[in-house]
Amino acid sequence: MKKLIYIMIGLMGMTAIQAQNIQERLQVLTDKDFYLAGENMGLKLYGTDIHGKALPYSRVAYVELLGDKENAVQLKVELNEATGDAVLQLPYTLASGMYELVAYTRWMRNEGEAVFFRRKIGIFNSLRYAENKDCIEFVDGDWQTPVETSVNPTMQIKTDKSQYGNREKVTLNLAGIPEDASVSLSVVRKDIALGQIAASTIPTQTKSQSQLLPEIEGLIIDAECIGQENGSAIVRPNISIQGDHLQYYAGHQTDANQIQFHTTTLKGVKEVVAGMNGTGHLELISPFVATAPEALQPITLYRQYEEALTERSIALQATEHFYGKEQPKPVTPELLLPGVKPKWVYDLDHYKRFTTFEETFIEFMPCVSALGNKGSRRIVAFDSDVYAFGSGNTLVLLDGVAIMDHELLLAYDPFLTKTVEVYVEDFAFGDQLYNGILHVKTPNRKLSGFTLPSTSVMCEFEGVQADKELPMPSIRKDAQVYMPDFRHTLYWNPSVTANDQQLELLTSDMCGTYIVKVEGRTADGKAIHGSTSFEVKRK
């Protein structure tokens with residue numbers, strides 16, 4: 001019951017915050033302005049108010065890279081204390097052209113797309129260009145990207161040398177980063193000239209168009225009920241996440257067929273199961289709302305960089321061949337009920353297997369029973385030590401997925417399961433109250449041999465990004481020398497602070513001029529930036 005009270009207090013707090021008419025903005029930095037299809041884009045995000053000052057408000061930002069309706073990439077990014085970072089994987093299928101990087105929060109959607117962050121990004125697809133699939137124009141010219149040193153007198157970057165060989169250590173000395181600043185640092189080879197692409201300015205005050213709640217605790221997921229009788233209540237809407245841990249979220253009805261779920265960041269989650277009682281099913285509504293251009297804008301490149309682009313493209317393909325795709329690191333699920341443990345755990349390998357789960361409950365589990373008439377029975381978990389049934393309303397899960405029709409589990413084959421966990425406390429998920437939880441697990445946690453009913457649908461879903469490291473080949477000194485190192489981005493660190501006065505990196509096998517760029521913001525909105533360069537030559 002206490003959990004329900006806390007939720008009510010939280011909702012009242014949201015209403016009070018809304019009344020203050022807080023206006024939120026985003027600023028986004030990238031490791032570079034021009035990419036090849038298949039490369040990774042490093043992102044650094046800042047949450048601010050309309051004056052550019054840090055605003056720790058929303059927990060989730062939505063990032064979209066838009067070319068047209070066919071060429072788009074989407075990502076959810078976690079924000080902590082007004083900052084966040086991510087890595088955006090660019091598909092090899094993206095066409096060449098000028099794209100728009102768009103970023104916003106759910107709260108910003110109340111003011112419309114006019115307040116979204118926008119920035120131009122160039123993308124070149126060498127494979128499509130070789131097959132004449134894209135319209136790209138190379139023009140003659142000797143325009144050079146200006147390389148400035150210490151463009152901000154308060155931010156100084158120095159290298160220990162001006163010229164290096166391949167796979168040689170570079171020492172960067174940083175000075176002048178304010179104590180309250182969080183900056184990003186990139187070291188990227190200069191091999192393209194697109195000019196200085198200005199980021200969007202912070203829009204001024206606008207009038208709110210809707211009243212979407214801010215995501216100040218985690219993702220808010222909207223869903224629509226399909227196939228439900230008009231005017232009827234949606235009974236026990238929920239989403240749960242398949243796996244070993246208990247991740248169950250109750251929804252509340254906001255309109256005739258609309259459901260809203262208040263969740264955590266769901267870091268690393270790739271799919272969820274949406275369920276309900278009665279007829280119909282739930283469909284999740286995409287939170288991405290930025291309007292894509294009708295047509296992809298063509299890109300014009302300087303001919304003097306055509307050879308360098310070819311070399312960069314070959315390097316990208318070679319890196320993919322030798323190193324392949326790095327496997328994402330396993331993500332530890334967020335604990336929905338920290339400190340709560342089952343009172344009983346039954347390892348069914350230690351018991352005789354019967355034909356159905358109903359018989360297994362009767363024979364071996366005095367804390368579990370089935371109540372009601374056959375065809376409409378409900379499973380009840382209770383504290384058999386005191387024989388306290390409560391209301392008899394038990395949350396039943398199979399591999400983390402909520403099973404609303406308990407008859408399906410009573411008839412389930414116990415030979416397909418491994419363990420049964422029984423929780424006997426009272427639980428409140430939103431406005432849904434349960435007396436106990438029964439969690440049945442299969443050996444592989446993949447619903448072995450179980451068919452979900454029509455009221456439960458497995459939906460494609462992606463939480464905030466979990467693995468935020470820019471994947472690169474090994475650059476350790478003891479790396480095997482016969483393996484190629486074709487890194488175009490030598491270094492990317494989105495979280496440099498005043499304590500990082502000296503940083504080290506290694507050059508790669510790619511020669512050329514490398515640009516060291518530092519960008520960031522202080523808490524009061526002051527921009528921090530500086531740059532320098534060095535040469536890498538073959539020795």
# chains A, B, ... in the order shown; residues from 1 in each chain; ligands from 1

call {"tool": "residues_around", "arguments": {"residues": "Ile299 (chain A)", "least_positions_apart": "3", "cutoff": "6 Å", "atoms": "only C-alpha atoms", "output": "list in words"}}
result
Gly97, Met98 and Ile136 of chain A

call {"tool": "residues_around", "arguments": {"residues": "Ala103 (chain A)", "least_positions_apart": "6", "cutoff": "6 Å", "atoms": "only C-alpha atoms", "output": "ChimeraX atom specification"}}
result
/A:62-63,116-117

call {"tool": "write_last_selection", "arguments": {"atoms": "all heavy atoms", "output": "PDB file, in the first residue's frame"}}
result
ATOM      1  N   TYR A  62      15.240  11.724 -26.923  1.00  0.00           N
ATOM      2  CA  TYR A  62      14.995  10.985 -28.159  1.00  0.00           C
ATOM      3  C   TYR A  62      15.812  11.624 -29.272  1.00  0.00           C
ATOM      4  O   TYR A  62      15.732  12.837 -29.501  1.00  0.00           O
ATOM      5  CB  TYR A  62      13.505  10.996 -28.493  1.00  0.00           C
ATOM      6  CG  TYR A  62      12.671  10.336 -27.422  1.00  0.00           C
ATOM      7  CD1 TYR A  62      12.181  11.074 -26.338  1.00  0.00           C
ATOM      8  CD2 TYR A  62      12.407   8.969 -27.455  1.00  0.00           C
ATOM      9  CE1 TYR A  62      11.448  10.461 -25.325  1.00  0.00           C
ATOM     10  CE2 TYR A  62      11.676   8.355 -26.447  1.00  0.00           C
ATOM     11  CZ  TYR A  62      11.198   9.105 -25.387  1.00  0.00           C
ATOM     12  OH  TYR A  62      10.479   8.494 -24.389  1.00  0.00           O
ATOM     13  N   VAL A  63      16.612  10.802 -29.949  1.00  0.00           N
ATOM     14  CA  VAL A  63      17.502  11.282 -31.005  1.00  0.00           C
ATOM     15  C   VAL A  63      17.106  10.615 -32.308  1.00  0.00           C
ATOM     16  O   VAL A  63      16.922   9.392 -32.358  1.00  0.00           O
ATOM     17  CB  VAL A  63      18.972  10.973 -30.670  1.00  0.00           C
ATOM     18  CG1 VAL A  63      19.885  11.402 -31.814  1.00  0.00           C
ATOM     19  CG2 VAL A  63      19.382  11.666 -29.374  1.00  0.00           C
ATOM     20  N   PHE A 116      12.723  21.668 -31.162  1.00  0.00           N
ATOM     21  CA  PHE A 116      13.635  20.527 -31.206  1.00  0.00           C
ATOM     22  C   PHE A 116      15.029  20.987 -31.630  1.00  0.00           C
ATOM     23  O   PHE A 116      15.181  21.904 -32.448  1.00  0.00           O
ATOM     24  CB  PHE A 116      13.144  19.473 -32.197  1.00  0.00           C
ATOM     25  CG  PHE A 116      11.887  18.751 -31.767  1.00  0.00           C
ATOM     26  CD1 PHE A 116      11.241  19.058 -30.584  1.00  0.00           C
ATOM     27  CD2 PHE A 116      11.346  17.752 -32.579  1.00  0.00           C
ATOM     28  CE1 PHE A 116      10.084  18.398 -30.194  1.00  0.00           C
ATOM     29  CE2 PHE A 116      10.190  17.083 -32.198  1.00  0.00           C
ATOM     30  CZ  PHE A 116       9.557  17.412 -31.005  1.00  0.00           C
ATOM     31  N   PHE A 117      16.048  20.338 -31.073  1.00  0.00           N
ATOM     32  CA  PHE A 117      17.416  20.589 -31.521  1.00  0.00           C
ATOM     33  C   PHE A 117      17.599  20.020 -32.919  1.00  0.00           C
ATOM     34  O   PHE A 117      17.153  18.914 -33.223  1.00  0.00           O
ATOM     35  CB  PHE A 117      18.417  19.922 -30.570  1.00  0.00           C
ATOM     36  CG  PHE A 117      19.843  19.979 -31.058  1.00  0.00           C
ATOM     37  CD1 PHE A 117      20.655  21.038 -30.715  1.00  0.00           C
ATOM     38  CD2 PHE A 117      20.344  18.973 -31.874  1.00  0.00           C
ATOM     39  CE1 PHE A 117      21.969  21.098 -31.171  1.00  0.00           C
ATOM     40  CE2 PHE A 117      21.651  19.025 -32.332  1.00  0.00           C
ATOM     41  CZ  PHE A 117      22.466  20.091 -31.989  1.00  0.00           C
TER      42      PHE A 117
END

call {"tool": "closest_residue", "arguments": {"among": "A:Gly268, A:Pro471, A:Gly280, A:Pro484", "to": "Gln89 (chain A)", "atoms": "only C-alpha atoms"}}
result
A:Pro471

call {"tool": "select_by_dssp", "arguments": {"residues": "region 348-538 of chain A", "states": "strand (DSSP E or B)", "output": "PyMOL selection string"}}
result
chain A and resi 368-371+378-381+383+388+395-398+401-402+419-429+432-441+457-460+489-496+502-506+512-521+527-536

call {"tool": "write_last_selection", "arguments": {"atoms": "C-alpha atoms", "output": "PDB file, in the first residue's frame"}}
result
ATOM      1  CA  VAL A 368       0.206 -22.571  -3.903  1.00  0.00           C
ATOM      2  CA  SER A 369      -3.384 -23.456  -4.737  1.00  0.00           C
ATOM      3  CA  ALA A 370      -5.950 -23.096  -7.518  1.00  0.00           C
ATOM      4  CA  LEU A 371      -9.321 -21.548  -6.630  1.00  0.00           C
ATOM      5  CA  ARG A 378      -6.988 -18.581 -10.503  1.00  0.00           C
ATOM      6  CA  ILE A 379      -3.645 -19.548  -8.993  1.00  0.00           C
ATOM      7  CA  VAL A 380      -3.143 -18.263  -5.451  1.00  0.00           C
ATOM      8  CA  ALA A 381       0.181 -17.988  -3.633  1.00  0.00           C
ATOM      9  CA  ASP A 383       2.002 -17.882   3.308  1.00  0.00           C
ATOM     10  CA  ALA A 388      -3.044 -16.438   5.144  1.00  0.00           C
ATOM     11  CA  LEU A 395       0.493 -12.033  -9.923  1.00  0.00           C
ATOM     12  CA  VAL A 396       1.534 -15.057 -12.010  1.00  0.00           C
ATOM     13  CA  LEU A 397       4.633 -14.844 -14.206  1.00  0.00           C
ATOM     14  CA  LEU A 398       6.324 -17.260 -16.596  1.00  0.00           C
ATOM     15  CA  VAL A 401       5.915 -12.494 -18.523  1.00  0.00           C
ATOM     16  CA  ALA A 402       2.540 -11.879 -16.850  1.00  0.00           C
ATOM     17  CA  THR A 419      12.204 -23.414 -10.826  1.00  0.00           C
ATOM     18  CA  VAL A 420       9.195 -21.874  -9.091  1.00  0.00           C
ATOM     19  CA  GLU A 421       9.589 -18.785  -6.863  1.00  0.00           C
ATOM     20  CA  VAL A 422       6.868 -17.817  -4.395  1.00  0.00           C
ATOM     21  CA  TYR A 423       6.574 -14.302  -2.915  1.00  0.00           C
ATOM     22  CA  VAL A 424       3.994 -13.867  -0.154  1.00  0.00           C
ATOM     23  CA  GLU A 425       4.089 -10.091   0.528  1.00  0.00           C
ATOM     24  CA  ASP A 426       1.472  -7.624  -0.697  1.00  0.00           C
ATOM     25  CA  PHE A 427       2.522  -5.667  -3.789  1.00  0.00           C
ATOM     26  CA  ALA A 428       1.158  -2.519  -5.471  1.00  0.00           C
ATOM     27  CA  PHE A 429       2.020  -1.859  -9.113  1.00  0.00           C
ATOM     28  CA  GLN A 432      -3.028  -2.851  -9.280  1.00  0.00           C
ATOM     29  CA  LEU A 433      -2.832  -4.662  -5.926  1.00  0.00           C
ATOM     30  CA  TYR A 434      -1.571  -8.244  -5.566  1.00  0.00           C
ATOM     31  CA  ASN A 435      -1.325 -10.652  -2.634  1.00  0.00           C
ATOM     32  CA  GLY A 436       1.833 -12.504  -3.569  1.00  0.00           C
ATOM     33  CA  ILE A 437       3.724 -13.380  -6.752  1.00  0.00           C
ATOM     34  CA  LEU A 438       4.283 -16.775  -8.376  1.00  0.00           C
ATOM     35  CA  HIS A 439       7.240 -16.754 -10.786  1.00  0.00           C
ATOM     36  CA  VAL A 440       7.796 -19.892 -12.868  1.00  0.00           C
ATOM     37  CA  LYS A 441      11.060 -20.119 -14.819  1.00  0.00           C
ATOM     38  CA  VAL A 457       1.516  -9.576 -27.552  1.00  0.00           C
ATOM     39  CA  MET A 458       5.310  -9.515 -27.732  1.00  0.00           C
ATOM     40  CA  CYS A 459       6.269  -6.082 -29.076  1.00  0.00           C
ATOM     41  CA  GLU A 460       9.490  -4.760 -30.536  1.00  0.00           C
ATOM     42  CA  THR A 489      38.468   8.388 -34.927  1.00  0.00           C
ATOM     43  CA  LEU A 490      41.494   7.912 -32.681  1.00  0.00           C
ATOM     44  CA  TYR A 491      39.728   8.995 -29.509  1.00  0.00           C
ATOM     45  CA  TRP A 492      36.278   9.950 -28.288  1.00  0.00           C
ATOM     46  CA  ASN A 493      35.520  10.812 -24.664  1.00  0.00           C
ATOM     47  CA  PRO A 494      32.142  12.445 -23.958  1.00  0.00           C
ATOM     48  CA  SER A 495      32.795  12.955 -20.229  1.00  0.00           C
ATOM     49  CA  VAL A 496      35.976  14.986 -19.796  1.00  0.00           C
ATOM     50  CA  GLN A 502      46.331  14.809 -19.238  1.00  0.00           C
ATOM     51  CA  LEU A 503      44.990  12.141 -21.610  1.00  0.00           C
ATOM     52  CA  GLU A 504      46.750   9.535 -23.749  1.00  0.00           C
ATOM     53  CA  LEU A 505      45.910   7.823 -27.017  1.00  0.00           C
ATOM     54  CA  LEU A 506      47.634   5.859 -29.780  1.00  0.00           C
ATOM     55  CA  GLY A 512      47.250  12.439 -42.244  1.00  0.00           C
ATOM     56  CA  THR A 513      46.238  15.493 -40.240  1.00  0.00           C
ATOM     57  CA  TYR A 514      44.248  14.846 -37.072  1.00  0.00           C
ATOM     58  CA  ILE A 515      42.019  17.422 -35.410  1.00  0.00           C
ATOM     59  CA  VAL A 516      41.743  17.496 -31.618  1.00  0.00           C
ATOM     60  CA  LYS A 517      38.464  19.162 -30.647  1.00  0.00           C
ATOM     61  CA  VAL A 518      37.035  19.938 -27.225  1.00  0.00           C
ATOM     62  CA  GLU A 519      33.452  21.161 -26.801  1.00  0.00           C
ATOM     63  CA  GLY A 520      31.160  21.513 -23.835  1.00  0.00           C
ATOM     64  CA  ARG A 521      29.127  23.699 -21.515  1.00  0.00           C
ATOM     65  CA  ALA A 527      30.192  27.364 -24.136  1.00  0.00           C
ATOM     66  CA  ILE A 528      33.619  25.739 -23.811  1.00  0.00           C
ATOM     67  CA  HIS A 529      35.581  24.931 -26.958  1.00  0.00           C
ATOM     68  CA  GLY A 530      39.092  24.614 -28.230  1.00  0.00           C
ATOM     69  CA  SER A 531      41.063  22.742 -30.880  1.00  0.00           C
ATOM     70  CA  THR A 532      44.512  21.888 -32.150  1.00  0.00           C
ATOM     71  CA  SER A 533      46.008  19.457 -34.649  1.00  0.00           C
ATOM     72  CA  PHE A 534      48.934  17.109 -35.248  1.00  0.00           C
ATOM     73  CA  GLU A 535      50.348  15.066 -38.120  1.00  0.00           C
ATOM     74  CA  VAL A 536      50.754  11.308 -38.451  1.00  0.00           C
TER      75      VAL A 536
END

call {"tool": "closest_residue", "arguments": {"among": "A:Asn71, A:Ser240, A:Thr265, A:Ser186", "to": "Ala466 (chain A)", "atoms": "only C-alpha atoms"}}
result
A:Thr265

call {"tool": "residues_around", "arguments": {"residues": "region 282-284 of chain A", "least_positions_apart": "5", "cutoff": "12 Å", "atoms": "only C-alpha atoms", "output": "PyMOL selection string"}}
result
chain A and resi 220-228+234-239+251+253+257-261+271-277+454-462

call {"tool": "write_last_selection", "arguments": {"atoms": "N, CA, C and O atoms", "output": "compact mmCIF listing (two decimals), in the first residue's frame"}}
result
# COMPACT_ATOMS: atom_id res chain seq x y z
N ILE A 220 8.06 6.82 -20.14
CA ILE A 220 6.60 6.74 -20.12
C ILE A 220 6.19 6.16 -21.47
O ILE A 220 6.45 6.73 -22.52
N ILE A 221 5.55 5.00 -21.41
CA ILE A 221 5.18 4.28 -22.63
C ILE A 221 3.69 4.42 -22.87
O ILE A 221 2.88 4.14 -21.98
N ASP A 222 3.32 4.87 -24.06
CA ASP A 222 1.92 4.99 -24.44
C ASP A 222 1.52 3.78 -25.29
O ASP A 222 2.30 3.29 -26.10
N ALA A 223 0.30 3.33 -25.08
CA ALA A 223 -0.21 2.18 -25.84
C ALA A 223 -1.68 2.42 -26.19
O ALA A 223 -2.37 3.20 -25.54
N GLU A 224 -2.12 1.72 -27.23
CA GLU A 224 -3.51 1.80 -27.66
C GLU A 224 -4.12 0.41 -27.61
O GLU A 224 -3.49 -0.58 -28.00
N CYS A 225 -5.34 0.34 -27.10
CA CYS A 225 -6.04 -0.93 -27.03
C CYS A 225 -6.80 -1.17 -28.33
O CYS A 225 -7.62 -0.35 -28.75
N ILE A 226 -6.52 -2.29 -28.98
CA ILE A 226 -7.14 -2.66 -30.25
C ILE A 226 -8.10 -3.82 -30.01
O ILE A 226 -7.74 -4.82 -29.39
N GLY A 227 -9.33 -3.70 -30.52
CA GLY A 227 -10.29 -4.79 -30.42
C GLY A 227 -11.13 -4.79 -29.16
O GLY A 227 -11.92 -5.70 -28.95
N GLN A 228 -10.98 -3.77 -28.31
CA GLN A 228 -11.78 -3.67 -27.10
C GLN A 228 -13.13 -3.05 -27.42
O GLN A 228 -13.24 -2.18 -28.29
N ILE A 234 -10.51 -1.04 -19.65
CA ILE A 234 -9.42 -1.96 -19.98
C ILE A 234 -8.91 -2.54 -18.67
O ILE A 234 -8.41 -1.81 -17.81
N VAL A 235 -9.04 -3.85 -18.50
CA VAL A 235 -8.79 -4.50 -17.22
C VAL A 235 -7.33 -4.93 -17.10
O VAL A 235 -6.81 -5.65 -17.94
N ARG A 236 -6.67 -4.47 -16.06
CA ARG A 236 -5.30 -4.83 -15.71
C ARG A 236 -4.33 -4.76 -16.90
O ARG A 236 -3.62 -5.74 -17.21
N PRO A 237 -4.22 -3.62 -17.57
CA PRO A 237 -3.21 -3.51 -18.63
C PRO A 237 -1.82 -3.57 -18.01
O PRO A 237 -1.58 -3.02 -16.93
N ASN A 238 -0.89 -4.21 -18.69
CA ASN A 238 0.44 -4.36 -18.14
C ASN A 238 1.46 -4.59 -19.24
O ASN A 238 1.11 -5.01 -20.35
N ILE A 239 2.69 -4.29 -18.94
CA ILE A 239 3.80 -4.72 -19.78
C ILE A 239 4.82 -5.41 -18.87
O ILE A 239 5.01 -5.01 -17.71
N GLY A 251 -0.36 -0.42 -16.16
CA GLY A 251 -0.76 0.79 -16.87
C GLY A 251 -2.06 1.35 -16.34
O GLY A 251 -2.80 0.67 -15.64
N GLN A 253 -5.52 3.75 -17.60
CA GLN A 253 -6.26 4.20 -18.77
C GLN A 253 -6.37 5.72 -18.74
O GLN A 253 -6.82 6.32 -17.77
N ASN A 257 -9.37 4.43 -25.40
CA ASN A 257 -8.58 3.25 -25.74
C ASN A 257 -7.09 3.48 -25.51
O ASN A 257 -6.26 2.78 -26.09
N GLN A 258 -6.74 4.46 -24.69
CA GLN A 258 -5.34 4.82 -24.47
C GLN A 258 -4.88 4.37 -23.10
O GLN A 258 -5.57 4.54 -22.10
N ILE A 259 -3.67 3.81 -23.07
CA ILE A 259 -3.05 3.34 -21.84
C ILE A 259 -1.68 3.99 -21.71
O ILE A 259 -0.97 4.22 -22.70
N GLN A 260 -1.29 4.29 -20.47
CA GLN A 260 0.02 4.88 -20.20
C GLN A 260 0.73 4.06 -19.12
O GLN A 260 0.13 3.70 -18.11
N PHE A 261 2.01 3.79 -19.37
CA PHE A 261 2.83 3.03 -18.42
C PHE A 261 3.99 3.91 -17.95
O PHE A 261 4.73 4.47 -18.77
N GLU A 271 12.62 -5.86 -26.26
CA GLU A 271 11.22 -6.17 -26.52
C GLU A 271 10.49 -6.32 -25.19
O GLU A 271 11.10 -6.58 -24.16
N VAL A 272 9.17 -6.13 -25.23
CA VAL A 272 8.33 -6.29 -24.05
C VAL A 272 7.10 -7.09 -24.45
O VAL A 272 6.79 -7.24 -25.63
N VAL A 273 6.41 -7.61 -23.44
CA VAL A 273 5.13 -8.28 -23.67
C VAL A 273 4.04 -7.41 -23.07
O VAL A 273 4.06 -7.10 -21.88
N ALA A 274 3.11 -6.98 -23.90
CA ALA A 274 1.98 -6.15 -23.45
C ALA A 274 0.76 -7.05 -23.30
O ALA A 274 0.41 -7.80 -24.22
N GLY A 275 0.12 -7.00 -22.14
CA GLY A 275 -1.02 -7.87 -21.89
C GLY A 275 -2.15 -7.16 -21.17
O GLY A 275 -2.01 -6.02 -20.71
N MET A 276 -3.29 -7.84 -21.07
CA MET A 276 -4.47 -7.30 -20.41
C MET A 276 -5.47 -8.43 -20.22
O MET A 276 -5.31 -9.53 -20.77
N ASN A 277 -6.50 -8.17 -19.42
CA ASN A 277 -7.61 -9.11 -19.29
C ASN A 277 -8.71 -8.74 -20.27
O ASN A 277 -8.81 -7.59 -20.71
N SER A 454 -4.08 -14.37 -27.20
CA SER A 454 -4.25 -13.22 -28.10
C SER A 454 -4.25 -11.89 -27.36
O SER A 454 -4.02 -10.84 -27.96
N THR A 455 -4.51 -11.91 -26.04
CA THR A 455 -4.52 -10.66 -25.27
C THR A 455 -3.12 -10.25 -24.82
O THR A 455 -2.96 -9.18 -24.23
N SER A 456 -2.10 -11.08 -25.07
CA SER A 456 -0.71 -10.76 -24.74
C SER A 456 0.11 -10.79 -26.02
O SER A 456 0.11 -11.79 -26.73
N VAL A 457 0.78 -9.71 -26.29
CA VAL A 457 1.52 -9.58 -27.55
C VAL A 457 2.96 -9.18 -27.25
O VAL A 457 3.20 -8.23 -26.49
N MET A 458 3.90 -9.89 -27.86
CA MET A 458 5.31 -9.51 -27.73
C MET A 458 5.60 -8.41 -28.74
O MET A 458 5.37 -8.57 -29.94
N CYS A 459 6.09 -7.27 -28.24
CA CYS A 459 6.27 -6.08 -29.08
C CYS A 459 7.75 -5.73 -29.19
O CYS A 459 8.50 -5.85 -28.22
N GLU A 460 8.14 -5.29 -30.37
CA GLU A 460 9.49 -4.76 -30.54
C GLU A 460 9.60 -3.46 -29.76
O GLU A 460 8.76 -2.57 -29.88
N PHE A 461 10.62 -3.36 -28.95
CA PHE A 461 10.78 -2.19 -28.10
C PHE A 461 12.26 -2.06 -27.77
O PHE A 461 12.97 -3.05 -27.65
N GLU A 462 12.70 -0.82 -27.62
CA GLU A 462 14.09 -0.60 -27.23
C GLU A 462 14.13 0.48 -26.16
O GLU A 462 13.63 1.58 -26.35

call {"tool": "residues_around", "arguments": {"residues": "Glu78 (chain A)", "least_positions_apart": "6", "cutoff": "8 Å", "atoms": "only C-alpha atoms", "output": "PDB file with N, CA, C and O atoms, in the first residue's frame"}}
result
ATOM      1  N   ARG A  59      14.661  12.484 -17.850  1.00  0.00           N
ATOM      2  CA  ARG A  59      15.610  11.377 -17.754  1.00  0.00           C
ATOM      3  C   ARG A  59      15.869  10.723 -19.108  1.00  0.00           C
ATOM      4  O   ARG A  59      16.798   9.913 -19.229  1.00  0.00           O
ATOM      5  N   VAL A  60      15.085  11.054 -20.108  1.00  0.00           N
ATOM      6  CA  VAL A  60      15.202  10.390 -21.406  1.00  0.00           C
ATOM      7  C   VAL A  60      15.174  11.424 -22.523  1.00  0.00           C
ATOM      8  O   VAL A  60      14.344  12.351 -22.503  1.00  0.00           O
ATOM      9  N   ALA A  61      16.083  11.278 -23.484  1.00  0.00           N
ATOM     10  CA  ALA A  61      16.088  12.107 -24.694  1.00  0.00           C
ATOM     11  C   ALA A  61      15.899  11.197 -25.902  1.00  0.00           C
ATOM     12  O   ALA A  61      16.338  10.044 -25.908  1.00  0.00           O
ATOM     13  N   GLY A  84      24.042  13.476 -20.997  1.00  0.00           N
ATOM     14  CA  GLY A  84      23.954  12.090 -21.432  1.00  0.00           C
ATOM     15  C   GLY A  84      24.878  11.872 -22.616  1.00  0.00           C
ATOM     16  O   GLY A  84      25.294  12.830 -23.279  1.00  0.00           O
ATOM     17  N   ASP A  85      25.229  10.635 -22.885  1.00  0.00           N
ATOM     18  CA  ASP A  85      26.054  10.323 -24.050  1.00  0.00           C
ATOM     19  C   ASP A  85      25.609   9.003 -24.645  1.00  0.00           C
ATOM     20  O   ASP A  85      24.983   8.177 -23.968  1.00  0.00           O
ATOM     21  N   THR A 265      14.117   3.317 -16.903  1.00  0.00           N
ATOM     22  CA  THR A 265      14.724   3.577 -18.210  1.00  0.00           C
ATOM     23  C   THR A 265      14.752   2.330 -19.089  1.00  0.00           C
ATOM     24  O   THR A 265      14.997   2.430 -20.289  1.00  0.00           O
ATOM     25  N   VAL A 464      16.503   2.779 -23.234  1.00  0.00           N
ATOM     26  CA  VAL A 464      17.638   3.666 -23.463  1.00  0.00           C
ATOM     27  C   VAL A 464      18.878   2.824 -23.744  1.00  0.00           C
ATOM     28  O   VAL A 464      18.982   1.667 -23.333  1.00  0.00           O
ATOM     29  N   GLN A 465      19.820   3.402 -24.465  1.00  0.00           N
ATOM     30  CA  GLN A 465      21.005   2.655 -24.866  1.00  0.00           C
ATOM     31  C   GLN A 465      21.816   2.245 -23.643  1.00  0.00           C
ATOM     32  O   GLN A 465      22.040   3.037 -22.727  1.00  0.00           O
TER      33      GLN A 465
END

call {"tool": "select_by_dssp", "arguments": {"residues": "region 327-505 of chain A", "states": "alpha helix (DSSP H)", "output": "list in words"}}
result
Phe357, Glu358, Glu359, Thr360, Phe361, Ile362, Glu363, Phe364, His406, Glu407, Leu408, Leu409 and Leu410 of chain A

call {"tool": "residues_around", "arguments": {"residues": "Asn40 (chain A)", "least_positions_apart": "2", "cutoff": "7 Å", "atoms": "only C-alpha atoms", "output": "number ranges by chain"}}
result
A: 38, 42, 87-90

call {"tool": "closest_residue", "arguments": {"among": "A:Phe354, A:Trp344, A:Tyr46, A:Tyr248", "to": "Ile403 (chain A)", "atoms": "only C-alpha atoms"}}
result
A:Tyr248

call {"tool": "atom_distance", "arguments": {"atom1": "CA of Glu39 (chain A)", "atom2": "CA of Ala86 (chain A)"}}
result
13.8 Å

call {"tool": "atom_distance", "arguments": {"atom1": "CA of Pro293 (chain A)", "atom2": "CA of Ala72 (chain A)"}}
result
10.3 Å

call {"tool": "residues_around", "arguments": {"residues": "Gly122 (chain A)", "least_positions_apart": "2", "cutoff": "9 Å", "atoms": "only C-alpha atoms", "output": "MDAnalysis selection string"}}
result
chainID A and resid 33:36 96:100 120 124 194 299

call {"tool": "residues_around", "arguments": {"residues": "Thr417 (chain A)", "least_positions_apart": "4", "cutoff": "10 Å", "atoms": "only C-alpha atoms", "output": "PyMOL selection string"}}
result
chain A and resi 347-349+353+357+398-399+412-413+440-445+447-449

call {"tool": "atom_distance", "arguments": {"atom1": "CA of Glu64 (chain A)", "atom2": "CA of Tyr129 (chain A)"}}
result
23.9 Å
